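Novice: Handing you a structure now.
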Amino acid sequence: MSDIGTIFGFLGGTVVAIPGGYKVLQYPKPDRVFKRLSDAKWFLTLRWCEQFTTPAGVLNLEGQLSFCNAAVMAMGEDKFLPPEHRQPIFNCCLSLPLGETTIYANPPFPEIQIMAIEIDQRFGRVALVRYY
């Protein structure tokens with residue numbers, strides 16, 4: 001039996017620190033060990049986006065969608081988040097405490113829920129965005 005260290009929740013999932021890495025309890029292969037915490041958190045971030053049937057994605061500080069779900073792929077990234085709205089949306093993320101959400105509303109553009117998270121300290125915050 002392996003030693004278990006810290007256990008914590010992230011975006012509805014559970015990460016367990018074990019010798020040699022991190023396990024995500026929701027990962028489909030129970031023996032999978034992530035070498036870095038950021039890799040485990042990235043898996044849970046993608047899982048968070050994919051759970052929605054409505055458009056959702058990960059917006060980075062450069063105004064790019066690092067990941068988007070099937071609903072965004074069907075409609076197109078620029079229709080989901082037009083380029084002119086991306087920086088103002090990300091700026092909303094910067095003012096939030098980590099894990100907190102806010103709503104970005106700019107009619108006639110659909111309301112967007114924004115959540116500030118940090119997957120990897122080296123790269124800073126990202127904004128989880130989805131139609132509200």
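Each chain in the structure tokens gets a letter, A, B and so on, in the order shown; residues start at 1 in every chain, and ligands are counted from 1 in the order they appear.
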Tell me which protein, DNA and RNA residues are within 12 Å of range 99-109 of chain A, counting only C-alpha atoms, leaving out same-chain ones fewer than 3 positions away, and put them as a ChimeraX atom specification.
Specialist: /A:9-12,79-82,84-96,112-119,125-132
Novice: Just asking: which residues within range 5-46 of chain A are strand (DSSP E) according to DSSP, as a ChimeraX atom specification?
Specialist: /A:7-10,13-18,21-24
Novice: With DSSP run on the backbone, what are the alpha helix (DSSP H) residues within chain A? I'd like them as JSON, numbers by chain.
Specialist: {"A": [37, 38, 39, 40, 41, 42, 43, 44, 45, 46, 47, 48, 49, 50, 70, 71, 72, 73, 74, 75, 77, 78, 79, 80, 83, 84, 85, 86, 87, 88, 89, 90, 91, 92, 93, 94]}
Novice: If I take CA of Thr54 in chain A and CA of Pro28 in chain A, how far is one from the other in Å, to one decimal?
Specialist: 23.3 Å
Novice: What is the distance, in Å and to one decimal place, between CA of Cys49 in chain A and CA of Pro83 in chain A?
Specialist: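 For CA of Cys49 in chain A relative to CA of Pro83 in chain A, the distance reads 19.8 Å.
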Novice: Here is a test: counting only C-alpha atoms, which residue of A:Ile7, A:Val24, A:Ala17, A:Ala40 is nearest to Asp120 in chain A?
Specialist: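 Nearest to Asp120 in chain A: A:Ala40.
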Novice: CA of Leu44 in chain A and CA of Phe67 in chain A, how far apart in Å?
Specialist: 12.3 Å
Novice: Which neighbours of Leu46 in chain A fall inside 9 Å, counting only C-alpha atoms, when residues of the same chain fewer than 2 positions from it are skipped, and could you give them as a VMD selection string?
Specialist: chain A and resid 41 to 44 48 to 51 57 to 58 67 to 69
Novice: Using only C-alpha atoms for the distances, tell me which of A:Gln121, A:Pro55, A:Tyr22, A:Lys35 is nearest to Met75 in chain A.
Specialist: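 The closest residue to Met75 in chain A is A:Pro55.
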